[in-house]
$ cat protein_30.cif   # mmCIF, C-alpha atoms
data_data
#
loop_
_atom_site.label_atom_id
_atom_site.label_comp_id
_atom_site.auth_asym_id
_atom_site.auth_seq_id
_atom_site.Cartn_x
_atom_site.Cartn_y
_atom_site.Cartn_z
CA MET L 1 0.00 0.00 0.00
CA ASN L 2 3.08 2.25 -0.11
CA ASP L 3 2.40 3.42 -3.65
CA PHE L 4 -1.27 4.25 -3.01
CA ARG L 5 -0.71 8.00 -3.14
CA TYR L 6 1.27 7.86 -6.40
CA ILE L 7 -1.27 5.66 -8.11
CA ILE L 8 -4.21 7.89 -7.18
CA THR L 9 -2.36 11.06 -8.23
CA GLY L 10 -1.41 9.40 -11.50
CA LEU L 11 -4.97 8.29 -12.11
CA VAL L 12 -6.42 11.72 -11.37
CA LEU L 13 -3.85 13.35 -13.65
CA PHE L 14 -4.62 10.86 -16.37
CA ILE L 15 -8.38 11.45 -16.19
CA VAL L 16 -7.93 15.21 -16.18
CA LEU L 17 -5.69 15.07 -19.26
CA VAL L 18 -7.93 12.69 -21.18
CA THR L 19 -11.07 14.73 -20.54
CA PHE L 20 -9.27 18.03 -21.15
CA PRO L 21 -10.86 18.68 -24.58
CA LEU L 22 -14.33 18.02 -23.15
CA TRP L 23 -14.36 20.37 -20.17
CA THR L 24 -12.46 23.22 -21.78
CA ARG L 25 -15.12 23.38 -24.51
CA ALA L 26 -18.06 22.84 -22.11
CA GLY L 27 -20.86 25.33 -22.65
CA LYS L 28 -19.09 26.84 -25.66
CA ALA L 29 -20.87 25.27 -28.61
CA ALA L 30 -19.39 26.39 -31.92
CA PRO L 31 -21.74 29.01 -33.40
CA ALA L 32 -23.96 27.62 -36.12
CA PRO L 33 -22.93 28.95 -39.52
CA VAL L 34 -24.81 31.91 -40.91
CA PRO L 35 -24.40 31.86 -44.66
CA SER L 36 -24.60 35.44 -45.85
CA LEU L 37 -26.95 36.45 -48.65
CA GLU L 38 -25.51 39.96 -48.91
CA THR L 39 -24.50 40.06 -52.55
CA GLN L 40 -25.49 42.54 -55.21
CA ALA L 41 -26.99 39.89 -57.45
CA ILE L 42 -29.22 38.59 -54.66
CA GLN L 43 -30.23 42.06 -53.48
CA GLN L 44 -31.38 42.87 -56.98
CA LEU L 45 -33.65 39.82 -57.06
CA GLU L 46 -37.35 40.63 -56.87
CA GLU L 47 -38.01 37.36 -55.14
CA LYS L 48 -35.25 36.07 -52.86
CA GLN L 49 -35.30 32.58 -54.24
CA CYS L 50 -32.61 30.04 -55.02
CA VAL L 51 -32.70 27.74 -58.03
CA GLU L 52 -34.96 25.45 -56.02
CA GLY L 53 -36.59 25.86 -52.59
CA THR L 54 -34.30 26.79 -49.69
CA GLU L 55 -34.91 23.59 -47.75
CA TYR L 56 -34.20 21.52 -50.84
CA MET L 57 -31.04 23.48 -51.63
CA ARG L 58 -29.73 23.19 -48.09
CA ALA L 59 -30.09 19.44 -48.13
CA ASN L 60 -29.45 18.58 -51.76
CA HIS L 61 -27.26 21.19 -53.44
CA MET L 62 -24.39 18.70 -53.79
CA SER L 63 -26.60 16.23 -55.65
CA LEU L 64 -27.98 19.02 -57.80
CA LEU L 65 -24.44 20.10 -58.71
CA GLU L 66 -23.51 16.56 -59.57
CA GLU L 67 -26.56 16.22 -61.77
CA TRP L 68 -25.73 19.50 -63.50
CA ARG L 69 -22.19 18.35 -64.07
CA ASN L 70 -23.29 15.10 -65.66
CA GLN L 71 -25.94 16.77 -67.78
CA VAL L 72 -23.50 19.35 -69.11
CA VAL L 73 -20.37 17.32 -69.54
CA ARG L 74 -21.80 13.97 -70.54
CA GLU L 75 -25.16 14.78 -72.15
CA GLY L 76 -24.38 18.16 -73.70
CA LYS L 77 -27.48 19.74 -72.11
CA ARG L 78 -26.86 23.13 -70.61
CA THR L 79 -30.24 24.51 -69.56
CA TYR L 80 -31.94 23.58 -66.31
CA VAL L 81 -35.68 23.98 -65.87
CA ALA L 82 -36.43 24.50 -62.18
CA GLY L 83 -39.51 23.24 -60.36
CA ASN L 84 -41.16 26.65 -60.80
CA GLY L 85 -40.51 26.70 -64.55
CA LYS L 86 -37.60 29.18 -64.44
CA GLU L 87 -34.62 28.39 -66.64
CA TYR L 88 -30.99 28.49 -65.55
CA GLU L 89 -27.73 27.74 -67.29
CA MET L 90 -26.29 24.69 -65.54
CA SER L 91 -23.01 26.18 -64.44
CA LEU L 92 -21.22 26.34 -61.13
CA GLN L 93 -19.29 29.51 -61.96
CA LYS L 94 -21.79 31.26 -64.17
CA THR L 95 -24.95 30.52 -62.18
CA CYS L 96 -24.41 29.53 -58.52
CA LEU L 97 -21.50 31.85 -57.93
CA GLN L 98 -23.08 34.66 -59.89
CA CYS L 99 -25.69 35.01 -57.16
CA HIS L 100 -23.54 33.64 -54.34
CA SER L 101 -20.51 35.69 -55.30
CA ASN L 102 -19.52 35.90 -51.62
CA LYS L 103 -18.21 32.35 -51.57
CA SER L 104 -16.15 32.79 -48.40
CA GLN L 105 -19.17 34.19 -46.57
CA PHE L 106 -21.62 31.67 -47.99
CA CYS L 107 -20.41 28.27 -49.18
CA ASP L 108 -17.33 28.24 -46.96
CA GLN L 109 -19.28 29.22 -43.84
CA CYS L 110 -21.16 25.93 -43.83
CA HIS L 111 -18.38 23.81 -45.20
CA ASN L 112 -15.82 25.00 -42.66
CA TYR L 113 -18.27 24.36 -39.86
CA LEU L 114 -18.84 20.85 -41.15
CA GLY L 115 -15.26 20.17 -42.14
CA VAL L 116 -16.12 19.36 -45.76
CA GLN L 117 -13.78 20.56 -48.47
CA PRO L 118 -15.36 20.22 -51.89
CA ASP L 119 -12.38 19.92 -54.26
CA CYS L 120 -13.88 22.00 -57.03
CA TRP L 121 -11.80 25.13 -56.79
CA THR L 122 -8.55 23.83 -58.21
CA CYS L 123 -10.31 23.98 -61.59
CA HIS L 124 -13.48 26.01 -61.15
CA ILE L 125 -12.71 29.65 -60.62
CA GLU L 126 -13.70 31.31 -57.37
CA PRO L 127 -15.22 34.76 -57.67
CA LYS L 128 -12.96 37.63 -56.65
CA GLU L 129 -14.10 38.98 -53.29
CA SER L 130 -13.07 42.36 -52.01
CA MET G 131 -30.97 -45.08 -79.21
CA THR G 132 -29.97 -45.69 -75.67
CA THR G 133 -28.04 -43.25 -73.55
CA SER G 134 -25.98 -44.54 -70.70
CA ARG G 135 -26.19 -42.73 -67.40
CA ARG G 136 -22.49 -41.95 -67.78
CA SER G 137 -22.75 -40.15 -71.14
CA PHE G 138 -25.92 -38.33 -70.02
CA ILE G 139 -24.04 -36.84 -67.07
CA LYS G 140 -21.09 -35.96 -69.36
CA ALA G 141 -23.40 -34.08 -71.76
CA GLY G 142 -24.97 -32.25 -68.83
CA GLY G 143 -21.54 -31.23 -67.59
CA ALA G 144 -20.58 -29.91 -71.04
CA CYS G 145 -23.76 -27.81 -71.20
CA LEU G 146 -23.05 -26.36 -67.77
CA LEU G 147 -19.51 -25.43 -68.82
CA GLY G 148 -20.88 -23.72 -71.92
CA LEU G 149 -23.29 -21.68 -69.81
CA THR G 150 -20.58 -20.50 -67.45
CA LEU G 151 -18.28 -19.57 -70.33
CA TRP G 152 -20.95 -17.64 -72.25
CA PRO G 153 -20.61 -14.29 -70.40
CA ALA G 154 -16.85 -14.36 -70.92
CA VAL G 155 -17.29 -15.09 -74.63
CA LYS G 156 -19.75 -12.22 -74.91
CA SER G 157 -17.49 -9.72 -73.21
CA PHE G 158 -14.34 -10.69 -75.10
CA ALA G 159 -15.79 -11.18 -78.54
CA GLY G 160 -18.55 -8.57 -78.49
CA ASN G 161 -17.99 -4.90 -79.12
CA ASN G 162 -19.46 -2.78 -76.38
CA ALA G 163 -20.71 0.20 -78.33
CA GLY G 164 -21.99 1.60 -75.03
CA ASN G 165 -18.46 2.78 -74.27
CA ILE G 166 -18.27 4.76 -77.42
CA GLU G 167 -21.76 6.06 -78.04
CA ASN G 168 -23.40 8.38 -75.59
CA PRO G 169 -27.14 7.80 -75.84
CA GLY G 170 -28.23 11.15 -74.41
CA ALA G 171 -26.74 13.60 -76.89
CA PRO G 172 -28.44 14.75 -80.10
CA ALA G 173 -28.27 11.98 -82.67
CA GLY G 174 -27.57 11.92 -86.39
CA LYS G 175 -24.78 14.45 -86.28
CA ARG G 176 -21.05 14.25 -86.71
CA TRP G 177 -19.20 17.52 -86.39
CA GLY G 178 -16.20 17.89 -88.63
CA LEU G 179 -13.61 20.46 -89.64
CA VAL G 180 -12.03 21.18 -93.02
CA ILE G 181 -8.68 22.99 -92.92
CA ASP G 182 -7.51 24.90 -95.98
CA MET G 183 -3.83 25.58 -95.39
CA GLN G 184 -3.45 27.43 -98.73
CA LYS G 185 -5.72 30.13 -97.30
CA CYS G 186 -3.95 30.11 -93.96
CA TRP G 187 -0.30 30.34 -95.05
CA PRO G 188 -0.17 33.92 -96.38
CA LYS G 189 -1.61 35.22 -93.12
CA TYR G 190 0.46 32.79 -91.04
CA GLN G 191 3.59 34.13 -92.68
CA GLU G 192 2.55 37.65 -91.70
CA GLY G 193 2.45 36.41 -88.11
CA CYS G 194 -1.26 35.73 -87.72
CA ARG G 195 -1.88 33.44 -84.73
CA ASP G 196 -5.52 34.38 -84.14
CA CYS G 197 -6.93 30.86 -83.91
CA PHE G 198 -4.32 29.69 -81.41
CA LEU G 199 -4.73 32.77 -79.25
CA ALA G 200 -8.54 32.60 -79.30
CA CYS G 201 -8.44 28.95 -78.27
CA ARG G 202 -5.91 29.58 -75.53
CA LYS G 203 -7.95 32.43 -74.12
CA ALA G 204 -11.34 30.74 -74.29
CA HIS G 205 -10.18 27.61 -72.47
CA ASN G 206 -7.63 29.00 -70.03
CA ILE G 207 -4.83 26.98 -71.59
CA PRO G 208 -1.51 27.51 -69.80
CA ASP G 209 1.46 28.81 -71.78
CA ILE G 210 4.28 26.51 -70.69
CA ALA G 211 7.56 27.01 -72.55
CA ASP G 212 9.05 23.62 -71.62
CA LYS G 213 8.33 21.33 -74.61
CA GLU G 214 8.11 18.30 -72.32
CA GLU G 215 5.30 19.79 -70.27
CA GLU G 216 3.47 22.11 -72.66
CA ILE G 217 -0.31 21.89 -73.04
CA LYS G 218 -1.50 21.69 -76.65
CA TRP G 219 -5.07 21.92 -77.94
CA LEU G 220 -4.45 23.59 -81.30
CA TRP G 221 -0.96 23.93 -82.71
CA THR G 222 1.11 23.38 -85.88
CA GLU G 223 3.26 20.53 -87.11
CA PRO G 224 5.44 20.52 -90.23
CA PHE G 225 3.96 18.49 -93.10
CA GLU G 226 6.36 15.57 -92.54
CA ASN G 227 5.20 15.15 -88.95
CA ALA G 228 1.51 15.70 -89.55
CA PHE G 229 1.38 13.35 -92.56
CA PRO G 230 4.39 11.03 -92.26
CA GLU G 231 2.93 8.46 -94.66
CA GLN G 232 2.41 11.09 -97.40
CA GLU G 233 5.96 12.36 -97.35
CA HIS G 234 8.41 11.43 -100.10
CA GLU G 235 11.67 12.81 -101.44
CA TYR G 236 10.11 14.66 -104.41
CA ILE G 237 7.28 16.33 -102.50
CA ALA G 238 6.20 19.71 -103.91
CA ALA G 239 8.31 22.54 -102.55
CA GLY G 240 5.12 24.41 -101.69
CA ILE G 241 4.27 21.77 -99.10
CA LYS G 242 7.60 20.47 -97.83
CA GLY G 243 8.22 21.62 -94.29
CA LYS G 244 5.15 23.86 -94.27
CA PRO G 245 3.23 24.18 -90.99
CA PHE G 246 -0.14 22.44 -90.75
CA ILE G 247 -2.71 23.31 -88.11
CA VAL G 248 -3.39 20.21 -86.03
CA LEU G 249 -5.75 19.41 -83.17
CA CYS G 250 -7.71 16.48 -81.76
CA ASN G 251 -9.19 14.68 -84.77
CA HIS G 252 -12.41 13.75 -82.97
CA CYS G 253 -12.11 10.33 -84.55
CA ASN G 254 -15.18 8.35 -85.41
CA ASN G 255 -13.38 5.31 -84.00
CA PRO G 256 -11.38 6.88 -81.18
CA PRO G 257 -8.65 4.70 -79.65
CA CYS G 258 -8.44 6.99 -76.60
CA VAL G 259 -12.05 6.21 -75.70
CA ARG G 260 -11.44 2.50 -75.93
CA VAL G 261 -8.56 2.53 -73.45
CA CYS G 262 -9.91 4.94 -70.84
CA PRO G 263 -10.54 2.93 -67.67
CA THR G 264 -12.97 5.43 -66.11
CA LYS G 265 -14.89 6.51 -69.22
CA ALA G 266 -13.56 10.01 -68.60
CA THR G 267 -13.03 10.20 -72.35
CA PHE G 268 -16.09 9.34 -74.37
CA LYS G 269 -17.63 10.06 -77.73
CA ARG G 270 -20.77 12.14 -77.80
CA ARG G 271 -23.52 11.25 -80.25
CA ASP G 272 -22.65 14.35 -82.27
CA GLY G 273 -19.14 12.98 -82.83
CA ILE G 274 -17.25 15.16 -80.38
CA VAL G 275 -14.68 13.19 -78.41
CA MET G 276 -15.14 14.74 -75.00
CA MET G 277 -13.27 14.66 -71.73
CA ASP G 278 -14.98 14.57 -68.36
CA TYR G 279 -12.23 16.09 -66.23
CA HIS G 280 -14.11 15.11 -63.09
CA ARG G 281 -13.44 11.47 -63.87
CA CYS G 282 -9.87 11.70 -65.14
CA ILE G 283 -7.43 9.88 -62.89
CA GLY G 284 -4.37 10.87 -64.90
CA CYS G 285 -3.36 7.34 -65.94
CA ARG G 286 -2.41 8.62 -69.42
CA TYR G 287 -3.51 5.49 -71.28
CA CYS G 288 -5.31 7.83 -73.68
CA MET G 289 -2.07 9.66 -74.41
CA ALA G 290 -0.40 6.40 -75.29
CA ALA G 291 -3.36 5.39 -77.46
CA CYS G 292 -3.70 8.65 -79.40
CA PRO G 293 -1.68 8.40 -82.64
CA TYR G 294 -1.80 12.18 -83.17
CA GLY G 295 -0.23 13.42 -79.93
CA ALA G 296 -3.34 15.48 -79.36
CA ARG G 297 -3.38 15.02 -75.60
CA SER G 298 -1.35 16.78 -72.93
CA PHE G 299 -0.77 15.98 -69.30
CA ASN G 300 -0.71 18.58 -66.53
CA PHE G 301 2.58 17.87 -64.83
CA SER G 302 2.06 20.84 -62.52
CA ASP G 303 -0.63 23.30 -61.50
CA PRO G 304 -1.47 25.14 -64.74
CA ARG G 305 -2.75 28.33 -63.10
CA PRO G 306 0.58 30.15 -62.71
CA TYR G 307 1.06 29.79 -66.49
CA ILE G 308 -2.24 31.37 -67.45
CA LYS G 309 -1.76 35.08 -68.06
CA GLU G 310 -5.37 36.13 -67.79
CA ILE G 311 -7.88 33.67 -66.38
CA ASP G 312 -11.26 33.80 -68.11
CA PRO G 313 -13.82 33.21 -65.34
CA ALA G 314 -16.32 31.74 -67.82
CA TYR G 315 -14.43 28.46 -68.23
CA PRO G 316 -12.78 26.25 -65.60
CA THR G 317 -9.05 25.58 -65.67
CA ARG G 318 -7.64 22.09 -65.21
CA GLU G 319 -5.51 20.88 -62.31
CA LYS G 320 -2.27 19.01 -61.77
CA GLY G 321 -2.60 15.37 -62.71
CA VAL G 322 -5.29 15.40 -65.41
CA VAL G 323 -5.00 14.98 -69.16
CA GLU G 324 -6.56 17.55 -71.45
CA LYS G 325 -7.21 18.19 -75.14
CA CYS G 326 -9.33 20.09 -77.65
CA ASN G 327 -13.07 19.67 -77.03
CA PHE G 328 -14.21 21.07 -80.42
CA CYS G 329 -15.62 23.88 -78.26
CA ALA G 330 -18.46 21.66 -77.04
CA GLU G 331 -19.49 24.52 -74.73
CA ARG G 332 -20.12 26.71 -77.81
CA VAL G 333 -21.41 24.02 -80.16
CA ASP G 334 -24.12 23.15 -77.59
CA LEU G 335 -25.31 26.75 -77.86
CA GLY G 336 -25.35 26.70 -81.66
CA LEU G 337 -22.06 28.55 -82.14
CA VAL G 338 -19.00 27.45 -84.13
CA PRO G 339 -15.66 26.75 -82.38
CA VAL G 340 -13.65 29.87 -81.43
CA CYS G 341 -10.77 29.00 -83.76
CA VAL G 342 -13.19 28.94 -86.70
CA GLU G 343 -14.71 32.23 -85.63
CA ALA G 344 -11.32 33.85 -85.07
CA CYS G 345 -9.83 32.90 -88.45
CA ARG G 346 -9.78 35.94 -90.72
CA ALA G 347 -8.66 33.92 -93.74
CA GLY G 348 -11.62 31.55 -93.65
CA ALA G 349 -9.21 28.63 -93.59
CA LEU G 350 -11.21 26.67 -91.01
CA ILE G 351 -14.64 25.39 -92.01
CA PHE G 352 -16.85 23.67 -89.44
CA GLY G 353 -19.98 21.67 -90.11
CA ASP G 354 -21.97 18.47 -89.88
CA LEU G 355 -20.47 15.56 -91.83
CA GLU G 356 -23.74 13.62 -91.73
CA GLU G 357 -25.68 16.41 -93.42
CA PRO G 358 -25.26 15.99 -97.20
CA ASN G 359 -25.90 19.69 -97.89
CA SER G 360 -23.55 21.11 -95.27
CA VAL G 361 -20.65 23.33 -96.34
CA VAL G 362 -18.10 20.77 -95.21
CA ARG G 363 -19.74 18.02 -97.28
CA LYS G 364 -19.88 20.28 -100.32
CA ILE G 365 -16.15 20.96 -100.01
CA LEU G 366 -15.34 17.30 -99.40
CA SER G 367 -17.29 16.17 -102.45
CA GLY G 368 -15.74 18.83 -104.69
CA ARG G 369 -12.08 18.77 -103.75
CA TYR G 370 -9.40 16.27 -102.85
CA THR G 371 -8.73 16.14 -99.12
CA ILE G 372 -6.33 14.16 -96.96
CA LEU G 373 -6.59 12.81 -93.42
CA ARG G 374 -3.94 12.26 -90.78
CA LYS G 375 -2.81 8.61 -90.63
CA PRO G 376 -5.93 7.17 -92.30
CA GLU G 377 -4.28 3.74 -92.39
CA LEU G 378 -4.90 3.38 -88.65
CA GLY G 379 -8.65 3.21 -89.14
CA THR G 380 -9.44 5.89 -86.59
CA HIS G 381 -11.61 7.82 -89.10
CA PRO G 382 -10.68 11.39 -88.20
CA SER G 383 -13.26 14.18 -88.51
CA VAL G 384 -10.63 16.76 -89.45
CA PHE G 385 -9.85 17.03 -93.18
CA TYR G 386 -7.08 18.89 -94.99
CA LEU G 387 -7.21 20.54 -98.41
CA VAL G 388 -3.82 20.51 -100.12
#
$ encode --input "protein_30.cif" --output "structure tokens"
Amino acid sequence: MNDFRYIITGLVLFIVLVTFPLWTRAGKAAPAPVPSLETQAIQQLEEKQCVEGTEYMRANHMSLLEEWRNQVVREGKRTYVAGNGKEYEMSLQKTCLQCHSNKSQFCDQCHNYLGVQPDCWTCHIEPKES
Amino acid sequence: MTTSRRSFIKAGGACLLGLTLWPAVKSFAGNNAGNIENPGAPAGKRWGLVIDMQKCWPKYQEGCRDCFLACRKAHNIPDIADKEEEIKWLWTEPFENAFPEQEHEYIAAGIKGKPFIVLCNHCNNPPCVRVCPTKATFKRRDGIVMMDYHRCIGCRYCMAACPYGARSFNFSDPRPYIKEIDPAYPTREKGVVEKCNFCAERVDLGLVPVCVEACRAGALIFGDLEEPNSVVRKILSGRYTILRKPELGTHPSVFYLV
């Protein structure tokens, strides 16, 4: 029983170290991302509407982009007819980022929060932001 | 006729073997046109280009490079000086290199050593499409041999397969070599192969390729090879034209007037 004190101190130290990340962050939830819609193109819209409904876009924009990509590159079709009958050119740079020209304040806000890094921007050209 | 149990079982075994072999026979002996034809694109078309070098040369001698510059600008093609790593969509080759099988020691002086504009031939029977393991290169129904850069894994089989050297590999990030990036068209990245796309992005909108539009001499003529009344067909039926390496059976869609 001579080593009792050392073992307990060691154990306490160990537990404190292992749980360190948990209790230092306690009560400090990372702020939910707020994608900004403050771009000229969006402000000039009569109706603040994305290509499809907001809920749909939030959940499915990656699938929509993939579909656009396949339609354009593999099928040679370049016009998208949205659910409400509006027509858009199927283009990441010329359509999405025309409205959402504040990529770092919009796309990146969510993606950084989630830790996803879509590898599109080595080829597709990011809009210049001031 | 009597069949012994032994020979009945033998025959059954042979049938079973045949059934298991059948899929292998089909895949080795059949031709999978699905790889080559893309069912979604507009059918009944085959885009082609006729190149009249006699019209080009006077301007070329004066230093005209309009078609090359227009192509470079429209597709964000990097300008890499190193011949080993340069990216080529539209360029020139001397006659002997472009048409090695046509060359002979008494060739007309007006042709010998002269530059010929070359590009991807958008072959009707493209060897690059056949070898691509990811179907990143495929032939559209309108004849354009297209690259899907999203699928390219940079294996370079297509480069080995192409007899015209029409494909280039990005050995490094191309962006530092692009003087002025046109935001309307994506660049490529390190590790993918690229080539001329016959301006699919313009053809889909009913326009002609930029090189054709840029040429002031009218040396490049674009049109549908399947349409008997098209300008290209009229030229082809009226004048003698040559193809690059026709003996390989690739059936190029780019024709040269000499």
$ resolve_selection --input "protein_30.cif" --expression "the PyMOL selection byres ((chain L and resi 96) around 12)" --output "PyMOL selection string"
chain L and resi 41-42+50-52+57+61-62+64-65+68+88-95+97-103+106-107+124-127
$ atom_distance --input "protein_30.cif" --atom1 "CA of Tyr370 in chain G" --atom2 "CA of Val275 in chain G"
25.2 Å
$ atom_distance --input "protein_30.cif" --atom1 "CA of Val12 in chain L" --atom2 "CA of Ala30 in chain L"
28.4 Å
$ resolve_selection --input "protein_30.cif" --expression "the PyMOL selection byres ((chain G and resi 187) around 12)" --output "MDAnalysis selection string"
chainID G and resid 181:186 188:195 222 240:241 244:247 345:349 388
$ atom_distance --input "protein_30.cif" --atom1 "CA of Thr122 in chain L" --atom2 "CA of Arg74 in chain L"
20.6 Å
$ closest_residue --input "protein_30.cif" --among "L:Gly115, L:Gly27, L:Pro21, L:Gly83" --to "Gln49 in chain L" --atoms "only C-alpha atoms"
L:Gly83
$ decode --input "protein_30.cif" --residues "range 109-125 of chain L" --atoms "N, CA, C and O atoms" --output "PDB file, in the first residue's frame"
ATOM      1  N   GLN L 109     -18.772  29.156 -45.209  1.00  0.00           N
ATOM      2  CA  GLN L 109     -19.285  29.221 -43.843  1.00  0.00           C
ATOM      3  C   GLN L 109     -19.769  27.853 -43.375  1.00  0.00           C
ATOM      4  O   GLN L 109     -19.378  27.364 -42.322  1.00  0.00           O
ATOM      5  N   CYS L 110     -20.619  27.244 -44.184  1.00  0.00           N
ATOM      6  CA  CYS L 110     -21.156  25.932 -43.829  1.00  0.00           C
ATOM      7  C   CYS L 110     -20.073  24.865 -43.897  1.00  0.00           C
ATOM      8  O   CYS L 110     -19.934  24.053 -43.001  1.00  0.00           O
ATOM      9  N   HIS L 111     -19.331  24.895 -44.981  1.00  0.00           N
ATOM     10  CA  HIS L 111     -18.378  23.812 -45.205  1.00  0.00           C
ATOM     11  C   HIS L 111     -17.290  23.796 -44.142  1.00  0.00           C
ATOM     12  O   HIS L 111     -16.868  22.732 -43.705  1.00  0.00           O
ATOM     13  N   ASN L 112     -16.837  24.969 -43.710  1.00  0.00           N
ATOM     14  CA  ASN L 112     -15.817  24.999 -42.664  1.00  0.00           C
ATOM     15  C   ASN L 112     -16.378  24.452 -41.361  1.00  0.00           C
ATOM     16  O   ASN L 112     -15.704  23.718 -40.643  1.00  0.00           O
ATOM     17  N   TYR L 113     -17.613  24.841 -41.072  1.00  0.00           N
ATOM     18  CA  TYR L 113     -18.266  24.361 -39.856  1.00  0.00           C
ATOM     19  C   TYR L 113     -18.345  22.843 -39.861  1.00  0.00           C
ATOM     20  O   TYR L 113     -18.140  22.186 -38.848  1.00  0.00           O
ATOM     21  N   LEU L 114     -18.642  22.291 -41.038  1.00  0.00           N
ATOM     22  CA  LEU L 114     -18.835  20.855 -41.153  1.00  0.00           C
ATOM     23  C   LEU L 114     -17.540  20.107 -41.422  1.00  0.00           C
ATOM     24  O   LEU L 114     -17.499  18.888 -41.322  1.00  0.00           O
ATOM     25  N   GLY L 115     -16.508  20.834 -41.783  1.00  0.00           N
ATOM     26  CA  GLY L 115     -15.264  20.172 -42.140  1.00  0.00           C
ATOM     27  C   GLY L 115     -15.335  19.442 -43.462  1.00  0.00           C
ATOM     28  O   GLY L 115     -14.688  18.419 -43.644  1.00  0.00           O
ATOM     29  N   VAL L 116     -16.156  19.939 -44.407  1.00  0.00           N
ATOM     30  CA  VAL L 116     -16.119  19.362 -45.765  1.00  0.00           C
ATOM     31  C   VAL L 116     -15.346  20.310 -46.662  1.00  0.00           C
ATOM     32  O   VAL L 116     -15.447  21.522 -46.538  1.00  0.00           O
ATOM     33  N   GLN L 117     -14.552  19.736 -47.555  1.00  0.00           N
ATOM     34  CA  GLN L 117     -13.776  20.562 -48.468  1.00  0.00           C
ATOM     35  C   GLN L 117     -14.037  20.103 -49.888  1.00  0.00           C
ATOM     36  O   GLN L 117     -13.299  19.298 -50.424  1.00  0.00           O
ATOM     37  N   PRO L 118     -15.115  20.601 -50.499  1.00  0.00           N
ATOM     38  CA  PRO L 118     -15.363  20.217 -51.891  1.00  0.00           C
ATOM     39  C   PRO L 118     -14.161  20.610 -52.747  1.00  0.00           C
ATOM     40  O   PRO L 118     -13.703  21.749 -52.685  1.00  0.00           O
ATOM     41  N   ASP L 119     -13.618  19.652 -53.512  1.00  0.00           N
ATOM     42  CA  ASP L 119     -12.383  19.916 -54.264  1.00  0.00           C
ATOM     43  C   ASP L 119     -12.707  20.411 -55.667  1.00  0.00           C
ATOM     44  O   ASP L 119     -12.324  19.805 -56.646  1.00  0.00           O
ATOM     45  N   CYS L 120     -13.475  21.465 -55.730  1.00  0.00           N
ATOM     46  CA  CYS L 120     -13.876  21.995 -57.034  1.00  0.00           C
ATOM     47  C   CYS L 120     -12.996  23.153 -57.461  1.00  0.00           C
ATOM     48  O   CYS L 120     -12.915  23.455 -58.646  1.00  0.00           O
ATOM     49  N   TRP L 121     -12.346  23.814 -56.510  1.00  0.00           N
ATOM     50  CA  TRP L 121     -11.796  25.134 -56.791  1.00  0.00           C
ATOM     51  C   TRP L 121     -10.364  25.101 -57.299  1.00  0.00           C
ATOM     52  O   TRP L 121      -9.755  26.135 -57.507  1.00  0.00           O
ATOM     53  N   THR L 122      -9.831  23.899 -57.522  1.00  0.00           N
ATOM     54  CA  THR L 122      -8.550  23.826 -58.214  1.00  0.00           C
ATOM     55  C   THR L 122      -8.778  24.049 -59.708  1.00  0.00           C
ATOM     56  O   THR L 122      -7.857  24.419 -60.421  1.00  0.00           O
ATOM     57  N   CYS L 123      -9.989  23.776 -60.166  1.00  0.00           N
ATOM     58  CA  CYS L 123     -10.310  23.976 -61.586  1.00  0.00           C
ATOM     59  C   CYS L 123     -11.343  25.080 -61.759  1.00  0.00           C
ATOM     60  O   CYS L 123     -11.167  25.985 -62.556  1.00  0.00           O
ATOM     61  N   HIS L 124     -12.451  24.971 -61.043  1.00  0.00           N
ATOM     62  CA  HIS L 124     -13.481  26.007 -61.148  1.00  0.00           C
ATOM     63  C   HIS L 124     -12.957  27.271 -60.469  1.00  0.00           C
ATOM     64  O   HIS L 124     -12.245  27.200 -59.474  1.00  0.00           O
ATOM     65  N   ILE L 125     -13.340  28.414 -61.047  1.00  0.00           N
ATOM     66  CA  ILE L 125     -12.709  29.653 -60.623  1.00  0.00           C
ATOM     67  C   ILE L 125     -13.573  30.367 -59.596  1.00  0.00           C
ATOM     68  O   ILE L 125     -14.738  30.657 -59.850  1.00  0.00           O
TER      69      ILE L 125
END
